[in-house]
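Asker: Please find structure-v2.cif (mmCIF, C-alpha atoms and all ligand atoms) on the next line:
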```cif
data_data
#
loop_
_atom_site.label_atom_id
_atom_site.label_comp_id
_atom_site.auth_asym_id
_atom_site.auth_seq_id
_atom_site.Cartn_x
_atom_site.Cartn_y
_atom_site.Cartn_z
CA MET A 1 -16.02 -11.59 16.31
CA VAL A 2 -14.27 -8.47 15.00
CA LEU A 3 -11.53 -7.08 17.26
CA THR A 4 -11.40 -3.35 17.89
CA ASP A 5 -8.36 -1.43 19.12
CA LEU A 6 -8.28 0.99 22.05
CA TYR A 7 -9.14 3.85 19.67
CA GLY A 8 -12.34 2.20 18.45
CA ARG A 9 -10.91 1.13 15.10
CA PRO A 10 -12.01 -2.36 14.00
CA VAL A 11 -9.41 -4.61 12.37
CA LEU A 12 -11.03 -5.71 9.14
CA SER A 13 -8.12 -6.50 6.84
CA LEU A 14 -4.57 -7.84 6.74
CA ARG A 15 -1.83 -6.31 4.65
CA ILE A 16 0.64 -9.15 4.08
CA GLN A 17 4.19 -8.40 2.98
CA LEU A 18 5.30 -11.46 1.00
CA ASN A 19 8.97 -10.50 0.58
CA THR A 20 11.45 -7.64 0.73
CA THR A 21 13.12 -8.32 -2.61
CA CYS A 22 12.37 -6.36 -5.76
CA ASN A 23 13.40 -6.06 -9.39
CA PHE A 24 12.85 -2.26 -9.33
CA ASN A 25 14.74 0.37 -7.41
CA CYS A 26 12.27 3.22 -6.78
CA PHE A 27 14.24 5.89 -4.93
CA PHE A 28 11.35 6.69 -2.58
CA CYS A 29 10.47 3.12 -1.59
CA HIS A 30 9.28 2.76 2.02
CA MET A 31 9.30 -1.04 1.77
CA GLU A 32 6.16 -1.09 3.92
CA GLY A 33 8.15 0.30 6.84
CA THR A 34 10.42 -2.73 7.17
CA GLU A 35 14.09 -3.59 6.76
CA ILE A 36 15.32 -5.95 4.04
CA SER A 37 14.77 -9.32 5.69
CA GLY A 38 16.02 -12.86 5.25
CA GLU A 39 13.71 -15.83 5.08
CA ALA A 40 10.12 -14.93 4.30
CA LEU A 41 7.06 -16.62 5.78
CA LYS A 42 6.24 -19.95 4.14
CA PRO A 43 2.85 -20.56 2.45
CA GLU A 44 1.68 -22.76 5.33
CA GLU A 45 2.64 -20.07 7.87
CA ILE A 46 0.71 -17.47 5.89
CA GLU A 47 -2.28 -19.79 5.67
CA ARG A 48 -2.25 -20.35 9.43
CA VAL A 49 -2.20 -16.67 10.28
CA VAL A 50 -4.94 -15.88 7.74
CA LYS A 51 -7.10 -18.65 9.24
CA ILE A 52 -6.64 -17.09 12.70
CA ALA A 53 -7.28 -13.55 11.47
CA HIS A 54 -10.44 -14.76 9.74
CA LYS A 55 -11.71 -16.16 13.06
CA PHE A 56 -11.32 -12.62 14.39
CA GLY A 57 -13.48 -11.18 11.62
CA VAL A 58 -10.81 -10.29 9.02
CA ASN A 59 -12.21 -10.91 5.56
CA LYS A 60 -10.07 -8.74 3.29
CA ILE A 61 -6.45 -9.24 2.27
CA LYS A 62 -3.85 -7.08 0.54
CA LEU A 63 -0.68 -8.77 -0.72
CA THR A 64 2.39 -6.59 -1.04
CA GLY A 65 6.18 -6.72 -0.80
CA GLY A 66 8.90 -6.00 -1.96
CA GLU A 67 7.59 -7.28 -5.23
CA PRO A 68 5.09 -10.05 -4.45
CA THR A 69 5.13 -11.53 -7.96
CA LEU A 70 8.75 -12.57 -7.44
CA ARG A 71 7.56 -15.28 -5.04
CA ARG A 72 7.58 -18.52 -6.99
CA ASP A 73 4.93 -19.91 -4.65
CA LEU A 74 2.58 -16.94 -5.15
CA ILE A 75 -0.20 -18.98 -6.76
CA ASP A 76 -0.12 -21.51 -3.94
CA ILE A 77 -0.26 -18.65 -1.39
CA VAL A 78 -3.31 -17.09 -3.05
CA LYS A 79 -5.09 -20.48 -3.16
CA ARG A 80 -4.40 -21.06 0.53
CA ILE A 81 -5.72 -17.61 1.48
CA ARG A 82 -8.86 -18.12 -0.61
CA LYS A 83 -9.77 -21.17 1.47
CA TYR A 84 -10.75 -18.81 4.32
CA ILE A 85 -11.38 -15.36 2.83
CA THR A 86 -14.70 -14.80 1.08
CA GLY A 87 -14.11 -11.04 0.77
CA ASN A 88 -11.68 -9.13 -1.42
CA ILE A 89 -8.13 -10.39 -2.00
CA SER A 90 -5.98 -7.88 -3.85
CA MET A 91 -2.30 -7.42 -4.62
CA THR A 92 -0.13 -4.36 -5.16
CA THR A 93 2.58 -4.95 -7.74
CA ASN A 94 4.98 -3.19 -10.06
CA GLY A 95 3.29 -5.22 -12.79
CA VAL A 96 6.31 -6.62 -14.59
CA MET A 97 5.29 -10.26 -14.10
CA LEU A 98 1.56 -9.75 -14.66
CA PRO A 99 1.52 -10.43 -18.41
CA ILE A 100 2.66 -13.96 -17.46
CA LEU A 101 0.78 -14.45 -14.19
CA ALA A 102 -2.53 -12.60 -14.48
CA TYR A 103 -4.76 -15.52 -15.57
CA GLU A 104 -3.29 -17.99 -13.10
CA LEU A 105 -3.66 -15.49 -10.27
CA LYS A 106 -7.30 -14.91 -11.09
CA LYS A 107 -7.91 -18.65 -11.24
CA ALA A 108 -6.23 -19.08 -7.87
CA GLY A 109 -8.64 -16.60 -6.30
CA LEU A 110 -7.09 -13.14 -6.56
CA ASP A 111 -9.80 -10.51 -7.14
CA ARG A 112 -7.92 -7.44 -8.31
CA VAL A 113 -4.57 -5.66 -8.57
CA ASN A 114 -3.08 -2.25 -7.97
CA ILE A 115 -0.32 -1.62 -10.51
CA SER A 116 2.31 1.01 -9.75
CA MET A 117 3.13 3.34 -12.62
CA HIS A 118 4.71 6.59 -11.52
CA ALA A 119 5.32 8.14 -14.94
CA PHE A 120 3.66 8.28 -18.30
CA ASP A 121 6.86 8.63 -20.31
CA GLU A 122 9.71 6.15 -20.48
CA ASP A 123 12.51 8.51 -19.39
CA THR A 124 10.77 9.60 -16.22
CA PHE A 125 9.68 6.03 -15.55
CA GLN A 126 13.30 4.95 -15.71
CA ALA A 127 14.53 7.87 -13.61
CA ILE A 128 12.10 6.85 -10.83
CA THR A 129 12.32 3.06 -10.92
CA GLY A 130 15.78 2.47 -12.41
CA VAL A 131 14.16 0.16 -14.97
CA ASN A 132 13.17 0.62 -18.56
CA SER A 133 9.76 -1.08 -18.34
CA ARG A 134 7.13 1.54 -19.04
CA ASP A 135 5.62 -0.32 -22.01
CA ARG A 136 5.60 -3.57 -20.10
CA ILE A 137 3.45 -1.94 -17.42
CA ILE A 138 0.89 -0.93 -20.05
CA LYS A 139 0.83 -4.62 -21.08
CA ALA A 140 0.39 -5.52 -17.40
CA ILE A 141 -2.68 -3.29 -17.13
CA ASP A 142 -4.13 -4.93 -20.26
CA ALA A 143 -3.35 -8.41 -18.95
CA ALA A 144 -5.01 -7.64 -15.62
CA ASN A 145 -8.12 -6.34 -17.38
CA GLU A 146 -8.28 -9.36 -19.69
CA ALA A 147 -7.92 -11.76 -16.78
CA GLY A 148 -10.65 -9.97 -14.82
CA LEU A 149 -8.39 -8.69 -12.01
CA THR A 150 -10.62 -5.65 -11.84
CA PRO A 151 -11.12 -2.87 -11.14
CA VAL A 152 -7.42 -2.23 -11.76
CA LYS A 153 -6.00 0.63 -9.71
CA ILE A 154 -2.99 2.50 -11.05
CA ASN A 155 -0.74 3.79 -8.25
CA PHE A 156 1.05 7.05 -8.95
CA VAL A 157 3.22 8.63 -6.24
CA VAL A 158 3.19 12.36 -6.96
CA LEU A 159 6.72 13.84 -7.06
CA ARG A 160 7.33 17.58 -7.25
CA ASP A 161 9.11 18.72 -10.43
CA LEU A 162 9.51 15.11 -11.56
CA ASN A 163 6.20 13.57 -12.58
CA VAL A 164 3.47 15.99 -11.57
CA ASP A 165 3.21 17.31 -15.14
CA GLN A 166 2.25 13.81 -16.32
CA ILE A 167 -0.96 13.57 -14.31
CA PRO A 168 -3.24 14.68 -17.19
CA ASP A 169 -1.80 11.89 -19.38
CA MET A 170 -2.19 9.42 -16.53
CA ILE A 171 -5.83 10.42 -16.09
CA GLU A 172 -6.48 9.79 -19.79
CA LEU A 173 -4.63 6.48 -19.61
CA ALA A 174 -6.67 5.37 -16.60
CA ALA A 175 -9.88 6.31 -18.42
CA GLU A 176 -8.85 4.36 -21.55
CA LYS A 177 -7.99 1.31 -19.44
CA HIS A 178 -11.10 1.55 -17.22
CA ALA A 179 -8.80 1.84 -14.21
CA ILE A 180 -8.95 3.91 -11.03
CA LEU A 181 -6.03 6.32 -10.76
CA GLN A 182 -4.61 6.65 -7.22
CA LEU A 183 -2.65 9.85 -6.69
CA ILE A 184 -0.46 9.13 -3.68
CA GLU A 185 1.36 11.59 -1.46
CA TYR A 186 5.05 10.78 -0.99
CA GLU A 187 5.26 9.22 2.48
CA THR A 188 8.24 9.31 4.77
CA THR A 189 10.54 6.35 4.98
CA ARG A 190 12.72 5.47 7.97
CA GLU A 191 14.76 8.63 7.45
CA GLY A 192 11.74 10.79 8.17
CA GLU A 193 10.74 14.12 6.72
CA SER A 194 14.28 15.41 6.52
CA SER A 195 15.54 12.88 3.97
CA LYS A 196 17.15 14.50 0.93
CA GLU A 197 14.69 12.95 -1.52
CA TYR A 198 11.66 13.75 0.63
CA LEU A 199 12.64 17.40 0.94
CA LYS A 200 13.18 17.59 -2.80
CA TYR A 201 10.19 15.68 -4.11
CA HIS A 202 7.45 15.68 -1.48
CA MET A 203 4.50 17.91 -2.23
CA PRO A 204 1.19 18.22 -0.40
CA LEU A 205 -1.67 17.19 -2.68
CA ASP A 206 -4.25 19.71 -1.45
CA SER A 207 -4.13 22.11 -4.40
CA LEU A 208 -4.05 19.24 -6.89
CA GLU A 209 -7.06 17.72 -5.14
CA LYS A 210 -8.92 21.02 -5.30
CA GLU A 211 -8.28 21.23 -9.05
CA ILE A 212 -9.72 17.75 -9.57
CA ALA A 213 -12.57 18.33 -7.12
CA ASP A 214 -13.62 21.45 -9.04
CA LYS A 215 -14.03 19.34 -12.20
CA ALA A 216 -15.69 16.37 -10.50
CA LEU A 217 -19.10 15.11 -11.57
CA SER A 218 -19.45 13.41 -8.20
CA ILE A 219 -17.44 12.14 -5.25
CA GLU A 220 -17.36 8.83 -3.41
CA ARG A 221 -15.19 7.50 -0.56
CA ASN A 222 -12.91 4.52 -0.11
CA GLU A 223 -13.98 3.39 3.36
CA LEU A 224 -10.35 2.52 4.06
CA HIS A 225 -8.75 5.72 5.38
CA ASN A 226 -11.87 7.65 4.27
CA ARG A 227 -10.07 8.55 1.03
CA PRO A 228 -11.97 10.74 -1.45
CA ARG A 229 -12.51 9.42 -4.98
CA TYR A 230 -13.56 11.93 -7.63
CA ILE A 231 -15.40 10.93 -10.78
CA ILE A 232 -14.33 13.14 -13.66
CA ARG A 233 -15.01 13.24 -17.38
CA THR A 234 -12.17 12.79 -19.90
CA GLN A 235 -11.92 12.35 -23.66
CA ALA A 236 -11.91 8.60 -23.12
CA GLY A 237 -14.94 8.63 -20.81
CA GLU A 238 -15.48 8.87 -17.07
CA VAL A 239 -12.70 7.96 -14.66
CA LYS A 240 -12.22 7.74 -10.90
CA VAL A 241 -9.30 9.55 -9.29
CA GLU A 242 -8.58 8.61 -5.67
CA PHE A 243 -6.38 10.69 -3.36
CA VAL A 244 -4.13 9.02 -0.79
CA LYS A 245 -2.94 11.72 1.61
CA PRO A 246 -1.52 10.00 4.69
CA GLN A 247 1.05 12.50 5.94
CA ARG A 248 0.01 14.40 9.09
CA ASN A 249 -3.56 13.37 8.42
CA PRO A 250 -5.49 12.31 11.56
CA ASP A 251 -8.62 11.51 9.52
CA PHE A 252 -6.63 8.99 7.44
CA CYS A 253 -5.35 7.23 10.58
CA ALA A 254 -8.76 7.35 12.30
CA HIS A 255 -10.09 5.20 9.43
CA CYS A 256 -7.19 2.74 9.43
CA THR A 257 -8.61 -0.77 9.72
CA ARG A 258 -5.54 -2.76 8.65
CA LEU A 259 -3.17 -4.92 10.61
CA ARG A 260 0.09 -5.64 8.81
CA ILE A 261 2.20 -8.77 8.62
CA THR A 262 5.87 -8.45 7.82
CA SER A 263 7.59 -11.01 5.62
CA GLU A 264 9.66 -11.94 8.69
CA GLY A 265 6.58 -13.07 10.58
CA GLU A 266 5.54 -10.21 12.83
CA PHE A 267 2.26 -8.41 13.32
CA LYS A 268 3.01 -4.76 12.52
CA THR A 269 0.54 -2.30 13.98
CA CYS A 270 1.38 0.70 11.78
CA LEU A 271 3.34 1.50 8.61
CA MET A 272 5.26 4.22 10.43
CA ARG A 273 6.55 2.31 13.43
CA SER A 274 8.17 -1.00 14.34
CA ASP A 275 8.46 -0.67 18.12
CA THR A 276 5.00 -2.17 18.62
CA ASN A 277 5.56 -5.20 16.36
CA VAL A 278 4.57 -8.60 17.78
CA LYS A 279 6.56 -11.57 16.50
CA PHE A 280 4.80 -14.85 15.72
CA LYS A 281 7.40 -16.48 13.44
CA GLY A 282 8.48 -19.87 14.73
CA ILE A 283 5.27 -20.44 16.71
CA ASN A 284 3.07 -23.24 15.38
CA ASP A 285 0.42 -23.33 18.06
CA GLU A 286 -2.75 -21.59 16.84
CA LYS A 287 -3.87 -20.64 20.35
CA THR A 288 -0.63 -18.77 21.02
CA ILE A 289 -0.74 -17.00 17.65
CA SER A 290 -4.35 -16.00 18.37
CA GLU A 291 -3.22 -14.45 21.65
CA LEU A 292 -0.41 -12.58 19.85
CA PHE A 293 -2.94 -11.34 17.29
CA ARG A 294 -5.06 -9.90 20.13
CA GLN A 295 -1.98 -8.28 21.67
CA ALA A 296 -1.08 -6.66 18.36
CA VAL A 297 -4.59 -5.25 17.95
CA LEU A 298 -4.40 -3.75 21.44
CA ARG A 299 -1.08 -2.12 20.56
CA ARG A 300 -2.52 -0.29 17.57
CA GLU A 301 -2.51 3.51 17.78
CA PRO A 302 -3.36 6.10 15.14
CA TYR A 303 0.01 7.54 14.11
CA TRP A 304 -1.36 11.02 13.42
CA ARG A 305 -4.00 12.19 15.89
CA PRO A 306 -6.16 15.30 16.10
CA GLY A 307 -4.58 18.10 18.13
CA ASP A 308 -1.28 16.29 17.94
CA GLU A 309 0.81 19.17 16.62
CA VAL A 310 3.28 19.00 19.54
CA ARG A 311 3.99 15.32 18.93
CA GLN A 312 4.13 15.86 15.18
CA ASN A 313 6.81 18.49 15.67
CA GLU A 314 8.70 16.18 18.01
CA VAL A 315 8.64 13.48 15.34
CA LEU A 316 9.99 15.95 12.79
CA ALA A 317 12.69 17.25 15.17
CA LYS A 318 13.77 13.68 16.01
CA SER A 319 14.08 12.72 12.37
CA ILE A 320 16.17 15.83 11.66
CA ILE A 321 18.50 15.06 14.60
CA GLN A 322 18.85 11.42 13.50
CA ASN A 323 19.69 12.52 10.00
CA LYS A 324 22.28 15.04 11.14
CA ARG A 325 24.02 12.29 13.12
CA LYS A 326 24.51 10.15 10.00
N1 LIG A 401 0.27 5.68 6.02
C1 LIG A 401 -0.33 4.66 5.40
N2 LIG A 401 -0.21 4.53 4.07
C2 LIG A 401 -0.83 3.49 3.50
C3 LIG A 401 -1.59 2.57 4.23
N3 LIG A 401 -2.11 1.67 3.36
C4 LIG A 401 -1.66 2.01 2.16
N4 LIG A 401 -0.90 3.11 2.22
C5 LIG A 401 -0.26 3.76 1.09
O1 LIG A 401 -1.24 3.91 0.10
C6 LIG A 401 -0.68 3.67 -1.17
C7 LIG A 401 -1.52 2.68 -1.94
O2 LIG A 401 -1.43 1.41 -1.33
P1 LIG A 401 -1.86 0.10 -2.06
O3 LIG A 401 -0.95 -1.01 -1.68
O4 LIG A 401 -2.03 0.34 -3.49
O5 LIG A 401 -3.24 -0.31 -1.40
P2 LIG A 401 -4.47 0.58 -1.04
O6 LIG A 401 -4.78 1.55 -2.11
O7 LIG A 401 -4.23 1.14 0.32
O8 LIG A 401 -5.65 -0.47 -0.90
P3 LIG A 401 -6.95 -0.67 -1.84
O9 LIG A 401 -7.65 0.64 -1.95
O10 LIG A 401 -7.76 -1.67 -1.06
O11 LIG A 401 -6.45 -1.23 -3.10
C8 LIG A 401 0.74 3.19 -0.94
O12 LIG A 401 1.61 4.26 -1.20
C9 LIG A 401 0.78 2.85 0.50
O13 LIG A 401 2.01 3.08 1.09
C10 LIG A 401 -1.69 2.75 5.63
O14 LIG A 401 -2.34 2.00 6.33
N5 LIG A 401 -1.03 3.81 6.14
C1 LIG A 402 6.13 -0.84 -1.26
S1 LIG A 402 5.23 -1.14 -2.75
C2 LIG A 402 5.18 -2.91 -2.80
C3 LIG A 402 4.42 -3.47 -3.98
C4 LIG A 402 5.05 -3.33 -5.36
N1 LIG A 402 6.44 -3.57 -5.37
C5 LIG A 402 4.72 -2.00 -6.00
O1 LIG A 402 5.61 -1.16 -6.13
O2 LIG A 402 3.55 -1.81 -6.35
C6 LIG A 402 3.51 -0.73 -2.36
C7 LIG A 402 3.06 0.64 -2.83
O3 LIG A 402 3.69 1.63 -2.03
C8 LIG A 402 4.08 2.70 -2.86
N2 LIG A 402 5.17 3.43 -2.20
C9 LIG A 402 6.43 3.01 -1.99
N3 LIG A 402 7.14 3.94 -1.33
C10 LIG A 402 6.31 4.98 -1.12
C11 LIG A 402 6.44 6.24 -0.48
N4 LIG A 402 7.59 6.63 0.07
N5 LIG A 402 5.37 7.04 -0.43
C12 LIG A 402 4.18 6.65 -0.98
N6 LIG A 402 3.99 5.48 -1.59
C13 LIG A 402 5.04 4.65 -1.66
C14 LIG A 402 4.50 2.01 -4.14
O4 LIG A 402 4.52 2.89 -5.22
C15 LIG A 402 3.43 0.96 -4.27
O5 LIG A 402 2.33 1.50 -4.96
S1 LIG A 403 8.57 -1.66 -7.18
FE1 LIG A 403 7.59 -1.50 -5.17
S2 LIG A 403 8.92 -2.61 -3.72
FE2 LIG A 403 10.04 -2.31 -5.64
S3 LIG A 403 11.28 -0.50 -5.25
FE3 LIG A 403 9.38 0.17 -6.28
S4 LIG A 403 7.96 0.64 -4.62
FE4 LIG A 403 9.61 -0.52 -3.72
S1 LIG A 404 -2.17 4.47 11.84
FE1 LIG A 404 -1.99 5.94 10.16
S2 LIG A 404 0.18 5.83 9.51
FE2 LIG A 404 -0.25 4.01 10.78
S3 LIG A 404 -0.76 2.41 9.30
FE3 LIG A 404 -2.70 3.34 9.96
S4 LIG A 404 -3.11 4.96 8.50
FE4 LIG A 404 -0.96 4.37 8.25
#
```
Once more with this new file: its structure as structure tokens, please.

Answerer:
Amino acid sequence: MVLTDLYGRPVLSLRIQLNTTCNFNCFFCHMEGTEISGEALKPEEIERVVKIAHKFGVNKIKLTGGEPTLRRDLIDIVKRIRKYITGNISMTTNGVMLPILAYELKKAGLDRVNISMHAFDEDTFQAITGVNSRDRIIKAIDAANEAGLTPVKINFVVLRDLNVDQIPDMIELAAEKHAILQLIEYETTREGESSKEYLKYHMPLDSLEKEIADKALSIERNELHNRPRYIIRTQAGEVKVEFVKPQRNPDFCAHCTRLRITSEGEFKTCLMRSDTNVKFKGINDEKTISELFRQAVLRREPYWRPGDEVRQNEVLAKSIIQNKRK
């Protein structure tokens, strides 16, 4: 039985944060809307909550972090999840460990990966992530393809004056590697829309989307968030370019079918807020966790709603005041 929230949105998938540690230092990182936390959920705790979610109709899992591949027990976690989930299990990763892990992950039951690569050239890659690993990420894409973790999605957060000029190269790269390129709008972190980096690097993706749409052979939709995916022709063949435009976008939130789990063991109802989290860490009884799962679903609200301009401005004003106080 699928659970639906008070806004008519079914909960179909779980986005599980496996840790809050990382070997990169991307300056824009939202860390899935969480604080750096201590002890992460154990494999058996993850298995239990997936089993319960599956009873409520969840059949799709996204693994994230921090950097999920830094968990030494990652393979065990994937195997445990696969016991219940017959649908898609995917992982979002910075890719550094994939050349070593790709085959084992596939064997354990992982279906596909999203690999983050926010620059085509090494210097920009390093300026964004703090790490000199651009070539390693190309190897990661190859390793994922060879292992069958497909279709690979390449995640590219678009940053004004920093990497936007590299999008044509990224489109060609995605075509060569038979990957889907995701162009992602810079989302706010805890500091809100007035953070120094956000003000400097955020750019709306509408004009970029129009440019791509004008060239598109056809368009399809990712059901999740109703995101448009344009099929365009390149020198290397056809490629899909998906746009992720979450900021101030009621349509995106209206199609949000994910419940999140923090590495600390809470149900998190929305990327952008923590005040509605429901903690289940430390509880072993499946009946009680099931009840907490229901409560979390009922607490879900679309963050951006149609006709919500007044609230949107309040959110912006609040984040500016908070920032001025710092
Ligand atoms: N606001 C918001 N942003 C999200 C949500 N889910 C993913 N994102 C953002 O979308 C971008 C891509 O996320 P990924 O982890 O690659 O996963 P995905 O593309 O959402 O999922 P798949 O299409 O199933 O692979 C990241 O920048 C996320 O922060 C969400 O529910 N709300
Ligand atoms: C938080 S990361 C965790 C997984 C992994 N470490 C990685 O980078 O792929 C998940 C995704 O969110 C993206 N992301 C992080 N901060 C973001 C922000 N402020 N706006 C938009 N996307 C962001 C990352 O680029 C990555 O694709
Ligand atoms: S690799 Fe992922 S978790 Fe690590 S800093 Fe970058 S976005 Fe954040
Ligand atoms: S409600 Fe909107 S902002 Fe919150 S997680 Fe869903 S899509 Fe993201």

Asker: Which one of A:Ser116, A:Thr150, A:Asn226, A:Thr69 sits closest to Thr257 (chain A) if you count all atoms listed in the file?

Answerer: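 Distance minimum relative to Thr257 (chain A) lands on A:Asn226.
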
Asker: Would you mind telling me which residue in A:Thr288, A:Asn155, A:Thr276, A:Ser263 lies nearest to Val241 (chain A) when using all atoms listed in the file?

Answerer: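 Nearest candidate to Val241 (chain A) out of A:Thr288, A:Asn155, A:Thr276, A:Ser263: A:Asn155.
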
Asker: Determine, for each residue of region 178-274 of chain A having at least one atom at most 12 Å from an atom of region 54-61 of chain A, the closest pair of atoms and their separation in Å to one decimal, counting only C-alpha atoms; order by chain and ascending number, as JSON lines.

Answerer:
```
{"residue": "A:Leu224", "atom": "CA", "partner": "A:Lys60", "partner_atom": "CA", "distance": 11.3}
{"residue": "A:Thr257", "atom": "CA", "partner": "A:Val58", "partner_atom": "CA", "distance": 9.8}
{"residue": "A:Arg258", "atom": "CA", "partner": "A:Ile61", "partner_atom": "CA", "distance": 9.1}
{"residue": "A:Leu259", "atom": "CA", "partner": "A:Val58", "partner_atom": "CA", "distance": 9.5}
{"residue": "A:Arg260", "atom": "CA", "partner": "A:Ile61", "partner_atom": "CA", "distance": 9.9}
{"residue": "A:Ile261", "atom": "CA", "partner": "A:Ile61", "partner_atom": "CA", "distance": 10.7}
```

Asker: Residues as selected, C-alpha atoms, written as a PDB file, keeping the file's coordinate frame, can you do that?

Answerer:
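Full text of selection12.pdb as output:
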```
ATOM      1  CA  LEU A 224     -10.350   2.520   4.060  1.00  0.00           C
ATOM      2  CA  THR A 257      -8.610  -0.770   9.720  1.00  0.00           C
ATOM      3  CA  ARG A 258      -5.540  -2.760   8.650  1.00  0.00           C
ATOM      4  CA  LEU A 259      -3.170  -4.920  10.610  1.00  0.00           C
ATOM      5  CA  ARG A 260       0.090  -5.640   8.810  1.00  0.00           C
ATOM      6  CA  ILE A 261       2.200  -8.770   8.620  1.00  0.00           C
TER       7      ILE A 261
END
```

Asker: Between A:Ile283, A:Leu105, A:Cys270, A:Val158, which residue has the minimum interatomic distance to Ile128 (chain A), considering all atoms listed in the file?

Answerer: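 Using all atoms listed in the file, the shortest distance to Ile128 (chain A) belongs to A:Val158.
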
Asker: Hey, which bits of chain A sit within 6 Å of ligand LIG 404 (chain A), and for each residue what's the closest pair of atoms and how far apart in Å (one decimal), counting only C-alpha atoms and all ligand atoms, rows by chain and increasing number, as JSON lines?

Answerer:
```
{"residue": "A:Phe252", "atom": "CA", "partner": "A:LIG404", "partner_atom": "S4", "distance": 5.5}
{"residue": "A:Cys253", "atom": "CA", "partner": "A:LIG404", "partner_atom": "FE1", "distance": 3.6}
{"residue": "A:Cys256", "atom": "CA", "partner": "A:LIG404", "partner_atom": "FE3", "distance": 4.6}
{"residue": "A:Cys270", "atom": "CA", "partner": "A:LIG404", "partner_atom": "S3", "distance": 3.7}
{"residue": "A:Leu271", "atom": "CA", "partner": "A:LIG404", "partner_atom": "S3", "distance": 4.3}
{"residue": "A:Met272", "atom": "CA", "partner": "A:LIG404", "partner_atom": "S2", "distance": 5.4}
{"residue": "A:Pro302", "atom": "CA", "partner": "A:LIG404", "partner_atom": "S1", "distance": 3.9}
{"residue": "A:Tyr303", "atom": "CA", "partner": "A:LIG404", "partner_atom": "S1", "distance": 4.4}
```

Asker: Can you tell me which residues surround Ser90 (chain A) at a distance of at most 9 Å, considering all atoms listed in the file, apart from same-chain residues fewer than 5 positions away, and format the answer as a count of residues only?

Answerer: 11

Asker: Any idea what the distance is between CA of Met31 (chain A) and atom C8 of ligand LIG 402 (chain A)?

Answerer: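 About the pair CA of Met31 (chain A) and atom C8 of ligand LIG 402 (chain A): they are 7.9 Å apart.
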
Asker: Show me which residues sit within 6 Å of ligand LIG 402 (chain A) when counting all atoms listed in the file, and put them as an mmCIF file with C-alpha atoms, in the coordinates of the input.

Answerer:
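Below is the file selection_22.cif, written as the result:
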```cif
data_model
loop_
_atom_site.group_PDB
_atom_site.id
_atom_site.type_symbol
_atom_site.label_atom_id
_atom_site.label_comp_id
_atom_site.auth_asym_id
_atom_site.auth_seq_id
_atom_site.Cartn_x
_atom_site.Cartn_y
_atom_site.Cartn_z
ATOM 1 C CA PHE A 28 11.350 6.690 -2.580
ATOM 2 C CA CYS A 29 10.470 3.120 -1.590
ATOM 3 C CA HIS A 30 9.280 2.760 2.020
ATOM 4 C CA MET A 31 9.300 -1.040 1.770
ATOM 5 C CA GLU A 32 6.160 -1.090 3.920
ATOM 6 C CA THR A 64 2.390 -6.590 -1.040
ATOM 7 C CA GLY A 65 6.180 -6.720 -0.800
ATOM 8 C CA GLY A 66 8.900 -6.000 -1.960
ATOM 9 C CA GLU A 67 7.590 -7.280 -5.230
ATOM 10 C CA THR A 92 -0.130 -4.360 -5.160
ATOM 11 C CA THR A 93 2.580 -4.950 -7.740
ATOM 12 C CA ASN A 94 4.980 -3.190 -10.060
ATOM 13 C CA ILE A 115 -0.320 -1.620 -10.510
ATOM 14 C CA SER A 116 2.310 1.010 -9.750
ATOM 15 C CA ASN A 155 -0.740 3.790 -8.250
ATOM 16 C CA VAL A 157 3.220 8.630 -6.240
ATOM 17 C CA ILE A 184 -0.460 9.130 -3.680
ATOM 18 C CA GLU A 185 1.360 11.590 -1.460
ATOM 19 C CA TYR A 186 5.050 10.780 -0.990
ATOM 20 C CA GLU A 187 5.260 9.220 2.480
ATOM 21 C CA THR A 188 8.240 9.310 4.770
ATOM 22 C CA THR A 189 10.540 6.350 4.980
#
```

Asker: Kindly extract all protein, DNA and RNA residues lying within 9 Å of the coordinates (7.8, -10.7, 10.6) given in the file, considering all atoms listed in the file, and supply them as a list in words.

Answerer: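 Protein and nucleic acid residues near the point are Gln17, Ser37, Ala40, Leu41, Ile261, Thr262, Ser263, Glu264, Gly265, Glu266, Phe267, Lys268, Asn277, Val278, Lys279, Phe280 and Lys281 of chain A.
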
Asker: So that I can check the surroundings of Arg227 (chain A), please list as a PDB file with C-alpha atoms, keeping the file's coordinate frame every protein, DNA and RNA residue that reaches within 9 Å of it, counting all atoms listed in the file and ignoring chain neighbours fewer than 6 positions away.

Answerer:
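Resulting contents of result13.pdb:
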```pdb
ATOM      1  CA  GLU A 220     -17.360   8.830  -3.410  1.00  0.00           C
ATOM      2  CA  ARG A 221     -15.190   7.500  -0.560  1.00  0.00           C
ATOM      3  CA  GLU A 242      -8.580   8.610  -5.670  1.00  0.00           C
ATOM      4  CA  PHE A 243      -6.380  10.690  -3.360  1.00  0.00           C
ATOM      5  CA  VAL A 244      -4.130   9.020  -0.790  1.00  0.00           C
ATOM      6  CA  LYS A 245      -2.940  11.720   1.610  1.00  0.00           C
ATOM      7  CA  PHE A 252      -6.630   8.990   7.440  1.00  0.00           C
TER       8      PHE A 252
END
```

Asker: Pick out the closest residue to ligand LIG 401 (chain A) from this set: A:Arg233, A:His225, A:Lys107, A:Arg72. Count only C-alpha atoms and all ligand atoms.

Answerer: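 Residue with the minimum atom-to-atom distance to ligand LIG 401 (chain A): A:His225.
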
Asker: Quick one: of A:Pro250, A:Pro99, A:Gly148, A:Gly109, who's nearest to ligand LIG 401 (chain A), counting all atoms listed in the file?

Answerer: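 Nearest candidate to ligand LIG 401 (chain A) out of A:Pro250, A:Pro99, A:Gly148, A:Gly109: A:Pro250.
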
Asker: Out of A:Arg71, A:Arg136, A:His118, A:Lys196, which residue has the shortest atom-to-atom distance to ligand LIG 403 (chain A) when counting all atoms listed in the file?

Answerer: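 Closest candidate: A:His118.
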